[in-house]
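> Quick one: structure below, then a few questions.
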Amino acid sequence: MRVHLTTPGRRLIGCKEYAEIPVSPSDLLDDDGTLRVADGVLNRYVDVDFADGRLRVRARGVSGVFALTDQVSVQVRPRFPLTNLTHMVSVCGYVPTALPAMRTYRATEQREEWMLDVVTDAFLVAVEEIEERGLLRTYRRRVEGSSYPHGRIETSATIHRYASRGIDHKLTHSWFEKTSDNPANRCVRAAAMHLHREHTSRQLIAGARERISRLGNALRLLDEVADDHRRCFLDDSLVRGAAELPEARGYYRPALNLAVAALSGHGLDLDADSGAMSVGSLLIKTEDLFEEFVRLSLQRAFESKSGLSVLDGNLEPGRRPLYEKIADEKVGTLPSHSGVSGGTRPNATPDVLLMNDDGTFPIVADVKYTNVTRHADRSELEQVMTYGVRYRSPVVLTIHPRRHNADGGLVVSGNIGDILVAQYRVDLAADDLDAEMIAMAQSLEALIAATS
């Protein structure tokens with residue numbers, strides 16, 4: 001059985017990205033002083049050090065819920081106001097890291113391709129627990145006419161069906177039998193069949209064949225359950241969650257919630273703290289997501305603009321060698337010197353390049369997932385200024401998420417030499433994030449016109 005990260009038996013501690021996690025040494029250290037941290041967490045999701053005579057645990061730049069120890073879970077939230085995480089993931093096609101440990105999510109109408117695997121894996125875990133702990137069986141009333149009755153004699157039915165016709169060797173009788181053919185199991189079976197078809201159509205995707213095999217095992221577990229192609233089971237109170245499952249069969253709830261979500265084509269809402277769908281905990285490197293979202297949003301906004309395009313400076317054709325070759329006539333005027341040989345030549349790799357049709361770059365930008373309320377940090381400024389000089393751009397720009405207490409939009413710091421230095425602060429909690437990004441594109445277009 002997989003660990004569930006948000007069960008009442010575990011402590012759930014919240015913090016923000018890059019912030020200190022409020023845990024005590026006793027939460028992390030054994031009696032002999034050995035650090036007790038879950039496998040794969042240290043230096044990946046948290047950093048641990050000693051500072052000012054005390055043990056310090058800090059979250060890294062990954063948002064989501066993970067196990068810190070066998071008793072403590074940590075929920076890391078984005079460091080900036082962000083209410084559009086699901087939308088950003090959708091725009092970028094970003095695939096979060098799915099952990100084996102479980103947590104709950106709220107269902108949403110929109111489902112991305114990667115969510116199918118996450119929901120399927122969680123559904124299979126839930127079905128395997130049903131196999132381990134037993135199928136839900138309910139009593140069903142059966143009625144039959146026979147010369148060998150058992151159960152209850154149905155007097156009125158016997159008179160109407162047999163006695164009135166002169167048949168005196170048969171009776172109508174009824175009884176209750178325990179069966180696994182009930183709405184809950186029909187729902188689980190229908191979901192297993194649906195997911196089996198989905199994964200059969202995408203067998204070349206990694207992990208699909210293993211999921212197909214496990215879904216086949218789930219169908220064999222439920223082979224005595226009838227197929228309900230009209231899906232009448234979706235109106236059942238137990239399936240919908242309107243009625244409580246028997247206490248001994250409470251483990252059915254995750255399977256039913258996931259089955260309904262799979263059959264309804266629902267996805268996962270990454271912005272809500274909790275919900276009814278129990279799946280593997282999803283972790284997102286928000287810094288990478290923010291960079292990709294900004295670049296893709298600007299590319300989409302400028303694709304209809306003639307004469308201007310948006311490039312990724314980390315890739316060709318935007319990437320350039322950091323050092324240009326010195327002209328031969330210039331080399332001859334230099335004092336005696338040697339060149340740098342060997343090793344990898346460094347590249348200039350700005351995150352966003354706005355390029356004119358003539359090959360010039362009116363704006364060079366770097367995306368920084370950092371707090372800024374006034375000027376950009378000196379190291380960030382020096383990096384983007386280097387890029388600006390290399391690409392001969394009149395404007396350099398750092399792009400940041402907007403803090404709740406800071407101005408949003410375009411912020412101009414001033415000039416360094418002939419280069420204009422500016423920032424753009426994106427409100428990731430905007431009611432309409434697409435409109436926020438269109439406004440950014442319009443602002444940058446106006447900035448280009450003003451500085452050309």
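Ordering of the structure tokens sets the chain letters (A, B, ...), residue numbers begin anew at 1 in every chain, and ligands are numbered from 1 in the order given.
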List every residue of range 244-395 of chain A that DSSP, applied to the backbone of this structure, places in alpha helix (DSSP H), and write the result as a count of residues only.

47

> I need the strand (DSSP E) residues of range 2-232 of chain A per DSSP on the backbone, written as a ChimeraX atom specification.

/A:11-16,46-51,54-59,64-67,72-77,97-108,138-146,152-153,171-179

> I'd like a table as CSV: residues in range 10-33 of chain A with an atom no more than 8 Å from range 74-91 of chain A, each row giving the shortest atom pair and its distance in Å to one decimal, only C-alpha atoms counted, sorted by chain and rising residue number.


```
residue,atom,partner,partner_atom,distance
A:Leu12,CA,A:Val74,CA,5.6
A:Ile13,CA,A:Val74,CA,4.8
A:Gly14,CA,A:Gln75,CA,4.7
A:Cys15,CA,A:Val76,CA,5.1
A:Lys16,CA,A:Arg77,CA,4.7
A:Glu17,CA,A:Arg79,CA,5.2
A:Tyr18,CA,A:Arg79,CA,7.7
```

> Write the residues of the selection above to a file with N, CA, C and O atoms, as a CSV table (one decimal), in the first residue's frame.


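Output contents, as saved in again.csv:
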```csv
chain,number,residue,atom,x,y,z
A,12,LEU,N,1.5,17.7,8.2
A,12,LEU,CA,1.7,18.3,6.9
A,12,LEU,C,2.2,19.8,7.2
A,12,LEU,O,1.4,20.6,7.8
A,13,ILE,N,3.4,20.1,6.8
A,13,ILE,CA,4.0,21.4,7.1
A,13,ILE,C,4.0,22.2,5.8
A,13,ILE,O,4.5,21.7,4.8
A,14,GLY,N,3.6,23.4,5.8
A,14,GLY,CA,3.6,24.3,4.6
A,14,GLY,C,4.7,25.3,4.6
A,14,GLY,O,5.2,25.7,5.7
A,15,CYS,N,5.2,25.6,3.5
A,15,CYS,CA,6.2,26.7,3.3
A,15,CYS,C,6.2,27.1,1.8
A,15,CYS,O,5.5,26.5,1.0
A,16,LYS,N,7.0,28.1,1.5
A,16,LYS,CA,7.1,28.6,0.2
A,16,LYS,C,8.5,28.1,-0.4
A,16,LYS,O,9.4,27.8,0.3
A,17,GLU,N,8.6,28.2,-1.7
A,17,GLU,CA,9.8,27.8,-2.4
A,17,GLU,C,11.0,28.6,-1.8
A,17,GLU,O,10.8,29.8,-1.6
A,18,TYR,N,12.1,27.9,-1.7
A,18,TYR,CA,13.3,28.5,-1.2
A,18,TYR,C,13.3,29.1,0.2
A,18,TYR,O,14.2,29.7,0.7
```

> Find the residue from A:Ile416, A:Val118, A:Leu444, A:Ala51 that sits nearest to Ser281 in chain A; use only C-alpha atoms when measuring.

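Among the listed residues, the smallest separation from Ser281 in chain A belongs to A:Val118.
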
> How many Å separate CA of Arg186 in chain A from CA of Val225 in chain A?

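So the two atoms, CA of Arg186 in chain A and CA of Val225 in chain A, lie 6.2 Å apart.
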
> Have a look at A:Asn371, A:Asn182, A:Ser213, A:Ser379 and name the one nearest to Cys232 in chain A; count only C-alpha atoms.

A:Asn182

> At a cut-off of 7 Å, using only C-alpha atoms, what residues contact Ala98 in chain A? Leave out same-chain residues fewer than 3 positions from it and give the result as number ranges by chain.

A: 280-283

> Produce a file of the selected residues containing C-alpha atoms, as a short mmCIF file (atom, residue, chain, number, x, y, z; two decimals), in the first residue's frame.


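The resulting file, out.cif, is shown below:
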```
data_model
loop_
_atom_site.label_atom_id
_atom_site.label_comp_id
_atom_site.auth_asym_id
_atom_site.auth_seq_id
_atom_site.Cartn_x
_atom_site.Cartn_y
_atom_site.Cartn_z
CA GLY A 280 0.58 10.28 -7.11
CA SER A 281 1.82 13.62 -5.79
CA LEU A 282 2.88 15.95 -8.61
CA LEU A 283 5.91 18.20 -8.27
#
```

> Fewer than 5 positions away in the same chain doesn't count, so skip those; otherwise give me all residues within 6 Å of range 310-322 of chain A, counting only C-alpha atoms, as a PyMOL selection string.

chain A and resi 299+346-354

> Output the selection as a PDB file, in the first residue's frame - all heavy atoms for each residue.


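After the write, part.pdb holds the following:
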```
ATOM      1  N   GLN A 299       5.694  34.255 -27.973  1.00  0.00           N
ATOM      2  CA  GLN A 299       5.722  33.722 -29.338  1.00  0.00           C
ATOM      3  C   GLN A 299       4.320  33.681 -29.930  1.00  0.00           C
ATOM      4  O   GLN A 299       4.120  34.034 -31.103  1.00  0.00           O
ATOM      5  CB  GLN A 299       6.346  32.321 -29.335  1.00  0.00           C
ATOM      6  CG  GLN A 299       7.849  32.329 -29.122  1.00  0.00           C
ATOM      7  CD  GLN A 299       8.430  30.935 -28.977  1.00  0.00           C
ATOM      8  OE1 GLN A 299       7.726  29.963 -28.716  1.00  0.00           O
ATOM      9  NE2 GLN A 299       9.748  30.823 -29.134  1.00  0.00           N
ATOM     10  N   PRO A 346      32.075  29.096 -24.536  1.00  0.00           N
ATOM     11  CA  PRO A 346      30.812  29.516 -23.913  1.00  0.00           C
ATOM     12  C   PRO A 346      29.893  30.184 -24.915  1.00  0.00           C
ATOM     13  O   PRO A 346      30.351  30.772 -25.908  1.00  0.00           O
ATOM     14  CB  PRO A 346      31.272  30.504 -22.839  1.00  0.00           C
ATOM     15  CG  PRO A 346      32.564  31.047 -23.349  1.00  0.00           C
ATOM     16  CD  PRO A 346      33.210  29.916 -24.090  1.00  0.00           C
ATOM     17  N   ASN A 347      28.594  30.067 -24.669  1.00  0.00           N
ATOM     18  CA  ASN A 347      27.594  30.676 -25.538  1.00  0.00           C
ATOM     19  C   ASN A 347      26.854  31.790 -24.804  1.00  0.00           C
ATOM     20  O   ASN A 347      26.758  31.777 -23.567  1.00  0.00           O
ATOM     21  CB  ASN A 347      26.577  29.635 -26.005  1.00  0.00           C
ATOM     22  CG  ASN A 347      27.161  28.670 -27.015  1.00  0.00           C
ATOM     23  OD1 ASN A 347      27.832  29.076 -27.958  1.00  0.00           O
ATOM     24  ND2 ASN A 347      26.913  27.383 -26.814  1.00  0.00           N
ATOM     25  N   ALA A 348      26.331  32.721 -25.561  1.00  0.00           N
ATOM     26  CA  ALA A 348      25.363  33.681 -25.031  1.00  0.00           C
ATOM     27  C   ALA A 348      23.982  33.042 -25.194  1.00  0.00           C
ATOM     28  O   ALA A 348      23.594  32.683 -26.303  1.00  0.00           O
ATOM     29  CB  ALA A 348      25.434  34.991 -25.798  1.00  0.00           C
ATOM     30  N   THR A 349      23.255  32.895 -24.098  1.00  0.00           N
ATOM     31  CA  THR A 349      21.983  32.150 -24.141  1.00  0.00           C
ATOM     32  C   THR A 349      20.875  32.907 -23.432  1.00  0.00           C
ATOM     33  O   THR A 349      20.358  32.461 -22.398  1.00  0.00           O
ATOM     34  CB  THR A 349      22.153  30.761 -23.504  1.00  0.00           C
ATOM     35  OG1 THR A 349      22.680  30.933 -22.168  1.00  0.00           O
ATOM     36  CG2 THR A 349      23.094  29.885 -24.311  1.00  0.00           C
ATOM     37  N   PRO A 350      20.463  34.049 -23.936  1.00  0.00           N
ATOM     38  CA  PRO A 350      19.332  34.753 -23.322  1.00  0.00           C
ATOM     39  C   PRO A 350      18.049  33.933 -23.469  1.00  0.00           C
ATOM     40  O   PRO A 350      17.883  33.186 -24.438  1.00  0.00           O
ATOM     41  CB  PRO A 350      19.254  36.060 -24.107  1.00  0.00           C
ATOM     42  CG  PRO A 350      19.929  35.771 -25.399  1.00  0.00           C
ATOM     43  CD  PRO A 350      20.982  34.758 -25.110  1.00  0.00           C
ATOM     44  N   ASP A 351      17.152  34.084 -22.506  1.00  0.00           N
ATOM     45  CA  ASP A 351      15.929  33.276 -22.515  1.00  0.00           C
ATOM     46  C   ASP A 351      14.969  33.701 -23.618  1.00  0.00           C
ATOM     47  O   ASP A 351      14.274  32.865 -24.191  1.00  0.00           O
ATOM     48  CB  ASP A 351      15.224  33.373 -21.155  1.00  0.00           C
ATOM     49  CG  ASP A 351      16.065  32.788 -20.035  1.00  0.00           C
ATOM     50  OD1 ASP A 351      16.773  31.801 -20.290  1.00  0.00           O
ATOM     51  OD2 ASP A 351      16.021  33.329 -18.910  1.00  0.00           O
ATOM     52  N   VAL A 352      14.911  34.999 -23.894  1.00  0.00           N
ATOM     53  CA  VAL A 352      13.964  35.523 -24.885  1.00  0.00           C
ATOM     54  C   VAL A 352      14.677  36.548 -25.767  1.00  0.00           C
ATOM     55  O   VAL A 352      15.316  37.475 -25.262  1.00  0.00           O
ATOM     56  CB  VAL A 352      12.745  36.184 -24.210  1.00  0.00           C
ATOM     57  CG1 VAL A 352      11.826  36.798 -25.267  1.00  0.00           C
ATOM     58  CG2 VAL A 352      11.983  35.189 -23.353  1.00  0.00           C
ATOM     59  N   LEU A 353      14.543  36.367 -27.075  1.00  0.00           N
ATOM     60  CA  LEU A 353      15.095  37.315 -28.044  1.00  0.00           C
ATOM     61  C   LEU A 353      13.971  37.806 -28.942  1.00  0.00           C
ATOM     62  O   LEU A 353      13.251  36.987 -29.540  1.00  0.00           O
ATOM     63  CB  LEU A 353      16.150  36.643 -28.918  1.00  0.00           C
ATOM     64  CG  LEU A 353      17.497  36.311 -28.284  1.00  0.00           C
ATOM     65  CD1 LEU A 353      18.257  35.339 -29.183  1.00  0.00           C
ATOM     66  CD2 LEU A 353      18.307  37.568 -28.068  1.00  0.00           C
ATOM     67  N   LEU A 354      13.790  39.122 -29.031  1.00  0.00           N
ATOM     68  CA  LEU A 354      12.873  39.688 -30.009  1.00  0.00           C
ATOM     69  C   LEU A 354      13.707  40.116 -31.209  1.00  0.00           C
ATOM     70  O   LEU A 354      14.643  40.918 -31.056  1.00  0.00           O
ATOM     71  CB  LEU A 354      12.098  40.869 -29.432  1.00  0.00           C
ATOM     72  CG  LEU A 354      10.822  40.481 -28.645  1.00  0.00           C
ATOM     73  CD1 LEU A 354      11.175  39.805 -27.337  1.00  0.00           C
ATOM     74  CD2 LEU A 354       9.942  41.686 -28.397  1.00  0.00           C
TER      75      LEU A 354
END
```

> Residues near Ala248 in chain A, anyone? I mean within 10 Å using only C-alpha atoms, not counting same-chain ones fewer than 2 positions away, as a PyMOL selection string.

chain A and resi 133-134+136+245-246+250-252

> Hey, what's within 9 Å of range 170-180 of chain A if we count only C-alpha atoms and toss same-chain stuff fewer than 6 positions away? As JSON, numbers by chain, please?

{"A": [135, 136, 137, 138, 139, 140, 141, 142, 143, 144, 145, 146, 147, 148, 149, 150, 151, 152, 153, 154, 155, 156, 157, 158, 159, 161, 162, 163, 186, 222, 224, 225]}

> If we count only C-alpha atoms and set the cut-off at 6 Å, which residues sit around Ala365 in chain A, ignoring sequence neighbours fewer than 5 positions away in its own chain? Please answer as a list in words.

Val352, Val396, Leu397 and Thr398 of chain A

> Which of these, A:Leu298, A:Ala262, A:Leu234, A:Ala272, has the shortest distance to Glu198 in chain A once you count only C-alpha atoms?

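Closest to Glu198 in chain A of all the choices is A:Ala262.
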
> Using only C-alpha atoms for the distances, tell me which of A:Val62, A:Leu116, A:Val260, A:Met102 is nearest to Ala19 in chain A.

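Nearest to Ala19 in chain A: A:Val62.
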